[in-house]
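Pasted below: work-v6.cif, mmCIF, N, CA and C atoms.
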```cif
data_protein
#
loop_
_atom_site.label_atom_id
_atom_site.label_comp_id
_atom_site.auth_asym_id
_atom_site.auth_seq_id
_atom_site.Cartn_x
_atom_site.Cartn_y
_atom_site.Cartn_z
N GLN A 2 0.82 -1.20 0.00
CA GLN A 2 0.00 0.00 0.00
C GLN A 2 0.86 1.25 0.00
N VAL A 3 0.37 2.26 -0.70
CA VAL A 3 1.05 3.55 -0.77
C VAL A 3 0.10 4.60 -0.24
N GLN A 4 0.60 5.42 0.66
CA GLN A 4 -0.22 6.51 1.19
C GLN A 4 0.30 7.83 0.64
N LEU A 5 -0.63 8.70 0.30
CA LEU A 5 -0.29 10.01 -0.24
C LEU A 5 -0.86 11.09 0.66
N VAL A 6 -0.03 12.07 0.96
CA VAL A 6 -0.47 13.21 1.77
C VAL A 6 -0.22 14.48 0.99
N GLU A 7 -1.30 15.20 0.74
CA GLU A 7 -1.23 16.43 -0.04
C GLU A 7 -1.30 17.64 0.89
N SER A 8 -0.74 18.74 0.41
CA SER A 8 -0.85 20.00 1.14
C SER A 8 -0.66 21.16 0.17
N GLY A 9 -1.08 22.34 0.60
CA GLY A 9 -0.79 23.55 -0.16
C GLY A 9 -1.96 24.22 -0.85
N GLY A 10 -3.14 23.65 -0.80
CA GLY A 10 -4.28 24.30 -1.43
C GLY A 10 -4.74 25.51 -0.64
N GLY A 11 -5.73 26.22 -1.18
CA GLY A 11 -6.26 27.37 -0.48
C GLY A 11 -6.94 28.34 -1.41
N LEU A 12 -7.18 29.53 -0.88
CA LEU A 12 -7.84 30.61 -1.63
C LEU A 12 -6.80 31.62 -2.07
N VAL A 13 -6.83 31.99 -3.33
CA VAL A 13 -5.88 32.96 -3.86
C VAL A 13 -6.59 33.86 -4.86
N GLN A 14 -6.11 35.07 -4.99
CA GLN A 14 -6.69 36.00 -5.95
C GLN A 14 -6.20 35.68 -7.36
N PRO A 15 -6.96 36.06 -8.37
CA PRO A 15 -6.48 35.88 -9.75
C PRO A 15 -5.12 36.54 -9.94
N GLY A 16 -4.24 35.83 -10.63
CA GLY A 16 -2.88 36.30 -10.83
C GLY A 16 -1.91 35.85 -9.76
N GLY A 17 -2.42 35.26 -8.71
CA GLY A 17 -1.59 34.81 -7.61
C GLY A 17 -0.97 33.45 -7.86
N SER A 18 -0.27 32.96 -6.83
CA SER A 18 0.46 31.70 -6.93
C SER A 18 0.15 30.81 -5.74
N LEU A 19 0.25 29.51 -5.99
CA LEU A 19 0.16 28.50 -4.94
C LEU A 19 1.13 27.38 -5.29
N ARG A 20 1.56 26.66 -4.26
CA ARG A 20 2.41 25.50 -4.46
C ARG A 20 1.80 24.32 -3.73
N LEU A 21 1.51 23.28 -4.51
CA LEU A 21 0.99 22.03 -3.94
C LEU A 21 2.13 21.04 -3.73
N SER A 22 2.00 20.25 -2.67
CA SER A 22 2.97 19.19 -2.40
C SER A 22 2.23 17.88 -2.16
N CYS A 23 2.89 16.78 -2.50
CA CYS A 23 2.32 15.46 -2.27
C CYS A 23 3.46 14.51 -1.93
N ALA A 24 3.38 13.91 -0.75
CA ALA A 24 4.42 13.00 -0.30
C ALA A 24 3.87 11.58 -0.27
N ALA A 25 4.61 10.65 -0.86
CA ALA A 25 4.20 9.25 -0.90
C ALA A 25 5.01 8.45 0.12
N SER A 26 4.33 7.54 0.80
CA SER A 26 5.02 6.68 1.76
C SER A 26 4.40 5.30 1.71
N GLY A 27 5.15 4.33 2.19
CA GLY A 27 4.68 2.95 2.19
C GLY A 27 5.87 2.02 2.16
N SER A 28 5.61 0.78 1.84
CA SER A 28 6.70 -0.20 1.81
C SER A 28 6.73 -0.90 0.46
N SER A 29 7.96 -1.15 0.01
CA SER A 29 8.20 -1.95 -1.19
C SER A 29 7.43 -1.44 -2.39
N PHE A 30 7.64 -0.19 -2.76
CA PHE A 30 7.01 0.30 -3.97
C PHE A 30 8.03 1.09 -4.78
N ARG A 31 7.81 1.07 -6.08
CA ARG A 31 8.64 1.85 -6.98
C ARG A 31 7.74 2.81 -7.73
N ILE A 32 8.14 4.05 -7.78
CA ILE A 32 7.33 5.07 -8.45
C ILE A 32 7.78 5.20 -9.90
N TYR A 33 6.83 5.03 -10.80
CA TYR A 33 7.10 5.20 -12.22
C TYR A 33 6.81 6.65 -12.64
N SER A 34 5.74 7.20 -12.10
CA SER A 34 5.41 8.59 -12.40
C SER A 34 4.54 9.15 -11.29
N MET A 35 4.55 10.47 -11.17
CA MET A 35 3.71 11.18 -10.22
C MET A 35 3.04 12.32 -10.96
N GLY A 36 1.81 12.61 -10.59
CA GLY A 36 1.11 13.64 -11.33
C GLY A 36 0.03 14.31 -10.52
N TRP A 37 -0.53 15.33 -11.11
CA TRP A 37 -1.64 16.08 -10.53
C TRP A 37 -2.81 16.09 -11.50
N TYR A 38 -3.97 15.86 -10.97
CA TYR A 38 -5.22 15.96 -11.70
C TYR A 38 -6.11 16.96 -10.97
N ARG A 39 -7.12 17.43 -11.67
CA ARG A 39 -8.07 18.32 -11.00
C ARG A 39 -9.48 18.04 -11.48
N GLN A 40 -10.41 18.36 -10.60
CA GLN A 40 -11.82 18.13 -10.90
C GLN A 40 -12.64 19.30 -10.38
N ALA A 41 -13.28 20.00 -11.31
CA ALA A 41 -14.19 21.07 -10.95
C ALA A 41 -15.59 20.49 -10.80
N PRO A 42 -16.47 21.17 -10.08
CA PRO A 42 -17.83 20.65 -9.88
C PRO A 42 -18.53 20.36 -11.20
N GLY A 43 -19.11 19.19 -11.31
CA GLY A 43 -19.87 18.84 -12.51
C GLY A 43 -19.03 18.42 -13.69
N THR A 44 -17.72 18.26 -13.48
CA THR A 44 -16.84 17.86 -14.59
C THR A 44 -16.07 16.60 -14.22
N GLN A 45 -15.42 16.02 -15.24
CA GLN A 45 -14.59 14.85 -15.00
C GLN A 45 -13.21 15.26 -14.50
N ARG A 46 -12.58 14.36 -13.81
CA ARG A 46 -11.20 14.59 -13.37
C ARG A 46 -10.28 14.58 -14.59
N LYS A 47 -9.40 15.59 -14.66
CA LYS A 47 -8.53 15.74 -15.81
C LYS A 47 -7.08 15.90 -15.40
N LEU A 48 -6.20 15.45 -16.27
CA LEU A 48 -4.78 15.58 -16.02
C LEU A 48 -4.36 17.04 -16.06
N VAL A 49 -3.55 17.44 -15.08
CA VAL A 49 -2.95 18.77 -15.08
C VAL A 49 -1.49 18.67 -15.52
N ALA A 50 -0.74 17.79 -14.84
CA ALA A 50 0.68 17.64 -15.17
C ALA A 50 1.16 16.32 -14.61
N VAL A 51 2.18 15.76 -15.25
CA VAL A 51 2.76 14.50 -14.80
C VAL A 51 4.26 14.55 -15.00
N ILE A 52 4.99 13.86 -14.12
CA ILE A 52 6.44 13.76 -14.23
C ILE A 52 6.83 12.31 -14.00
N THR A 53 7.70 11.80 -14.89
CA THR A 53 8.15 10.42 -14.75
C THR A 53 9.35 10.35 -13.81
N SER A 54 9.71 9.13 -13.43
CA SER A 54 10.86 8.96 -12.57
C SER A 54 12.14 9.43 -13.25
N GLY A 55 12.12 9.48 -14.58
CA GLY A 55 13.28 9.96 -15.31
C GLY A 55 13.29 11.47 -15.52
N GLY A 56 12.23 12.14 -15.08
CA GLY A 56 12.19 13.59 -15.16
C GLY A 56 11.42 14.16 -16.35
N ALA A 57 10.88 13.30 -17.20
CA ALA A 57 10.07 13.80 -18.33
C ALA A 57 8.75 14.34 -17.79
N THR A 58 8.29 15.43 -18.41
CA THR A 58 7.05 16.07 -17.94
C THR A 58 6.06 16.23 -19.08
N ASN A 59 4.80 16.35 -18.69
CA ASN A 59 3.73 16.60 -19.65
C ASN A 59 2.68 17.46 -18.96
N TYR A 60 2.15 18.43 -19.70
CA TYR A 60 1.18 19.37 -19.11
C TYR A 60 -0.08 19.45 -19.96
N ALA A 61 -1.18 19.74 -19.31
CA ALA A 61 -2.39 20.09 -20.04
C ALA A 61 -2.14 21.42 -20.73
N ASP A 62 -2.72 21.60 -21.91
CA ASP A 62 -2.51 22.84 -22.66
C ASP A 62 -2.92 24.06 -21.86
N SER A 63 -3.94 23.91 -21.05
CA SER A 63 -4.49 25.06 -20.33
C SER A 63 -3.55 25.60 -19.24
N VAL A 64 -2.54 24.81 -18.86
CA VAL A 64 -1.64 25.26 -17.78
C VAL A 64 -0.21 25.46 -18.25
N LYS A 65 0.08 25.14 -19.50
CA LYS A 65 1.44 25.30 -20.01
C LYS A 65 1.90 26.74 -19.87
N GLY A 66 3.12 26.90 -19.37
CA GLY A 66 3.68 28.22 -19.19
C GLY A 66 3.32 28.86 -17.86
N ARG A 67 2.35 28.28 -17.14
CA ARG A 67 1.94 28.84 -15.85
C ARG A 67 2.24 27.89 -14.69
N PHE A 68 2.12 26.61 -14.93
CA PHE A 68 2.33 25.60 -13.88
C PHE A 68 3.64 24.86 -14.15
N THR A 69 4.30 24.46 -13.07
CA THR A 69 5.52 23.67 -13.19
C THR A 69 5.46 22.51 -12.20
N ILE A 70 5.65 21.31 -12.74
CA ILE A 70 5.70 20.12 -11.89
C ILE A 70 7.14 19.73 -11.66
N SER A 71 7.46 19.31 -10.44
CA SER A 71 8.80 18.87 -10.11
C SER A 71 8.71 17.79 -9.05
N SER A 72 9.81 17.09 -8.85
CA SER A 72 9.79 16.03 -7.85
C SER A 72 11.11 15.94 -7.12
N ALA A 73 11.05 15.41 -5.92
CA ALA A 73 12.23 15.10 -5.13
C ALA A 73 12.21 13.59 -4.93
N ASN A 74 12.88 12.89 -5.83
CA ASN A 74 12.75 11.43 -5.85
C ASN A 74 13.16 10.78 -4.53
N VAL A 75 14.19 11.33 -3.92
CA VAL A 75 14.66 10.75 -2.67
C VAL A 75 13.57 10.82 -1.61
N LYS A 76 12.77 11.88 -1.67
CA LYS A 76 11.71 12.06 -0.68
C LYS A 76 10.37 11.53 -1.17
N ASN A 77 10.32 10.97 -2.40
CA ASN A 77 9.06 10.51 -2.99
C ASN A 77 8.00 11.60 -2.92
N THR A 78 8.38 12.79 -3.28
CA THR A 78 7.49 13.94 -3.20
C THR A 78 7.38 14.62 -4.55
N VAL A 79 6.18 15.06 -4.87
CA VAL A 79 5.95 15.80 -6.10
C VAL A 79 5.34 17.15 -5.74
N TYR A 80 5.73 18.16 -6.51
CA TYR A 80 5.27 19.52 -6.29
C TYR A 80 4.58 20.04 -7.55
N LEU A 81 3.66 20.97 -7.34
CA LEU A 81 3.05 21.68 -8.46
C LEU A 81 3.06 23.16 -8.14
N GLN A 82 3.94 23.90 -8.81
CA GLN A 82 3.99 25.34 -8.65
C GLN A 82 3.02 25.95 -9.63
N MET A 83 2.05 26.68 -9.11
CA MET A 83 1.00 27.25 -9.94
C MET A 83 1.10 28.77 -9.89
N ASN A 84 1.40 29.37 -11.03
CA ASN A 84 1.53 30.83 -11.12
C ASN A 84 0.45 31.38 -12.03
N THR A 85 0.25 32.67 -11.95
CA THR A 85 -0.74 33.38 -12.77
C THR A 85 -2.07 32.63 -12.75
N LEU A 86 -2.54 32.33 -11.58
CA LEU A 86 -3.76 31.54 -11.44
C LEU A 86 -4.97 32.31 -11.95
N LYS A 87 -5.90 31.55 -12.53
CA LYS A 87 -7.13 32.09 -13.11
C LYS A 87 -8.33 31.47 -12.40
N PRO A 88 -9.47 32.14 -12.43
CA PRO A 88 -10.67 31.56 -11.81
C PRO A 88 -10.98 30.16 -12.34
N GLU A 89 -10.69 29.92 -13.60
CA GLU A 89 -10.98 28.60 -14.19
C GLU A 89 -10.04 27.52 -13.69
N ASP A 90 -9.04 27.87 -12.91
CA ASP A 90 -8.18 26.87 -12.26
C ASP A 90 -8.80 26.35 -10.98
N THR A 91 -9.89 26.94 -10.56
CA THR A 91 -10.57 26.50 -9.35
C THR A 91 -11.05 25.05 -9.49
N ALA A 92 -10.64 24.21 -8.55
CA ALA A 92 -10.98 22.79 -8.59
C ALA A 92 -10.39 22.11 -7.36
N VAL A 93 -10.77 20.85 -7.21
CA VAL A 93 -10.07 20.00 -6.24
C VAL A 93 -8.92 19.34 -6.99
N TYR A 94 -7.74 19.47 -6.45
CA TYR A 94 -6.54 18.92 -7.07
C TYR A 94 -6.15 17.62 -6.36
N TYR A 95 -5.92 16.58 -7.17
CA TYR A 95 -5.59 15.27 -6.65
C TYR A 95 -4.19 14.85 -7.10
N CYS A 96 -3.44 14.32 -6.17
CA CYS A 96 -2.14 13.75 -6.48
C CYS A 96 -2.32 12.30 -6.92
N ASN A 97 -1.55 11.88 -7.89
CA ASN A 97 -1.59 10.50 -8.37
C ASN A 97 -0.18 9.95 -8.46
N VAL A 98 -0.02 8.72 -8.03
CA VAL A 98 1.26 8.03 -8.15
C VAL A 98 1.03 6.70 -8.87
N PHE A 99 1.81 6.49 -9.92
CA PHE A 99 1.71 5.24 -10.68
C PHE A 99 2.88 4.35 -10.29
N CYS A 100 2.55 3.15 -9.81
CA CYS A 100 3.58 2.24 -9.32
C CYS A 100 3.68 0.97 -10.15
N GLY A 101 3.40 1.08 -11.44
CA GLY A 101 3.55 -0.05 -12.33
C GLY A 101 2.64 -1.20 -11.96
N PRO A 102 3.20 -2.39 -11.77
CA PRO A 102 2.37 -3.57 -11.45
C PRO A 102 1.56 -3.41 -10.17
N LYS A 103 1.98 -2.54 -9.29
CA LYS A 103 1.23 -2.33 -8.05
C LYS A 103 0.09 -1.34 -8.22
N GLY A 104 -0.08 -0.84 -9.45
CA GLY A 104 -1.20 0.03 -9.72
C GLY A 104 -0.93 1.48 -9.42
N ASP A 105 -2.00 2.27 -9.35
CA ASP A 105 -1.82 3.67 -9.03
C ASP A 105 -2.66 4.05 -7.81
N TYR A 106 -2.24 5.15 -7.21
CA TYR A 106 -2.83 5.59 -5.94
C TYR A 106 -3.19 7.07 -6.03
N TRP A 107 -4.19 7.44 -5.23
CA TRP A 107 -4.70 8.81 -5.26
C TRP A 107 -4.63 9.44 -3.88
N GLY A 108 -4.35 10.73 -3.86
CA GLY A 108 -4.44 11.49 -2.63
C GLY A 108 -5.89 11.84 -2.32
N GLN A 109 -6.09 12.48 -1.18
CA GLN A 109 -7.44 12.80 -0.73
C GLN A 109 -8.01 14.04 -1.42
N GLY A 110 -7.16 14.78 -2.10
CA GLY A 110 -7.61 15.99 -2.78
C GLY A 110 -7.42 17.23 -1.92
N THR A 111 -7.07 18.32 -2.58
CA THR A 111 -6.93 19.61 -1.89
C THR A 111 -7.61 20.68 -2.73
N GLN A 112 -8.40 21.52 -2.08
CA GLN A 112 -9.18 22.53 -2.79
C GLN A 112 -8.32 23.73 -3.15
N VAL A 113 -8.40 24.14 -4.39
CA VAL A 113 -7.79 25.38 -4.86
C VAL A 113 -8.90 26.28 -5.37
N THR A 114 -9.01 27.46 -4.81
CA THR A 114 -10.04 28.41 -5.20
C THR A 114 -9.37 29.71 -5.62
N VAL A 115 -9.66 30.14 -6.83
CA VAL A 115 -9.09 31.38 -7.37
C VAL A 115 -10.25 32.36 -7.52
N SER A 116 -10.24 33.37 -6.67
CA SER A 116 -11.36 34.31 -6.65
C SER A 116 -10.93 35.62 -6.01
N SER A 117 -11.53 36.70 -6.49
CA SER A 117 -11.27 38.00 -5.88
C SER A 117 -12.30 38.31 -4.82
#
```

Same coordinates, now as structure tokens:
Amino acid sequence: QVQLVESGGGLVQPGGSLRLSCAASGSSFRIYSMGWYRQAPGTQRKLVAVITSGGATNYADSVKGRFTISSANVKNTVYLQMNTLKPEDTAVYYCNVFCGPKGDYWGQGTQVTVSS
């Protein structure tokens, strides 16, 4: 089993910044990739950004140039730096960890609200 603990959500004004963190813990697991998804009310959960264990990244078009995903492999932690936030970024953000044959795991979600 892998446990994920997220932190860093909150309320921010348009144009502001937030940094999300997600730490993975457990026994006998290998991380293939870590990522962030988000889900706004009434919509499906969608990929925001993902980073592989080798450092390759992929972003949703809507966040390119504004969000940056990074990881600290030794700490099994992934970060999402979110800049120039817009009201349409408002959602619950979920951390995801893919562990290959052991499947993938989800965090509990953290609310991000962008509003003046």

**Study point:** Expansion of the PyMOL selection byres ((chain A and resi 52-56) around 7) into residues, as a ChimeraX atom specification
**Key:** /A:32-37,50-51,57-59,70-71

Exercise for review: Would you work out the distance separating atom CA of Gly43 of chain A from atom CA of Thr69 of chain A, expressed in Å to one decimal?
Suggested key: 25.9 Å

Practice item. Could you tell me how far atom CA of Gln109 of chain A lies from atom CA of Lys65 of chain A, in Å and to one decimal? Key: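 A separation of 24.6 Å between them.
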
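Take the candidates A:Ala24, A:Val64, A:Ala41, A:Val115 and check each one against Tyr94 of chain A using all atoms listed in the file; the shortest distance goes to A:Ala41.
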
Point to revise | Backbone DSSP call of strand (DSSP E or B) for chain A, listed as a ChimeraX atom specification | key: /A:3-8,11-13,19-27,34-40,47-53,58-60,68-73,78-83,92-99,105-107,111-115

**Study point:** Shell of 5 Å around Gln14 of chain A, only N, CA and C atoms, local chain residues under 2 positions omitted, as a PyMOL selection string
**Key:** chain A and resi 12+16-17+116-117

Review point. Which residue out of A:Asn74, A:Ser18, A:Ser29, A:Thr114 has the minimum interatomic distance to Pro88 of chain A when only N, CA and C atoms are used?
Key: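 That would be A:Thr114, the residue with the smallest distance to Pro88 of chain A.
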
Point to revise | Gly9 of chain A surroundings by all atoms listed in the file, 8 Å radius, close-in-sequence under 2 positions cut, as a PyMOL selection string | key: chain A and resi 6-7+11-12+19-23+111-113

Review point. Just how far from atom N of Thr85 of chain A is atom CA of Tyr60 of chain A, in Å to one decimal?
Key: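 Separation of atom CA of Tyr60 of chain A and atom N of Thr85 of chain A: 15.1 Å.
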
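The residue that comes closest to Arg31 of chain A, out of A:Leu81, A:Cys96, A:Val3, A:Leu48 and on the basis of only C-alpha atoms, is A:Val3.
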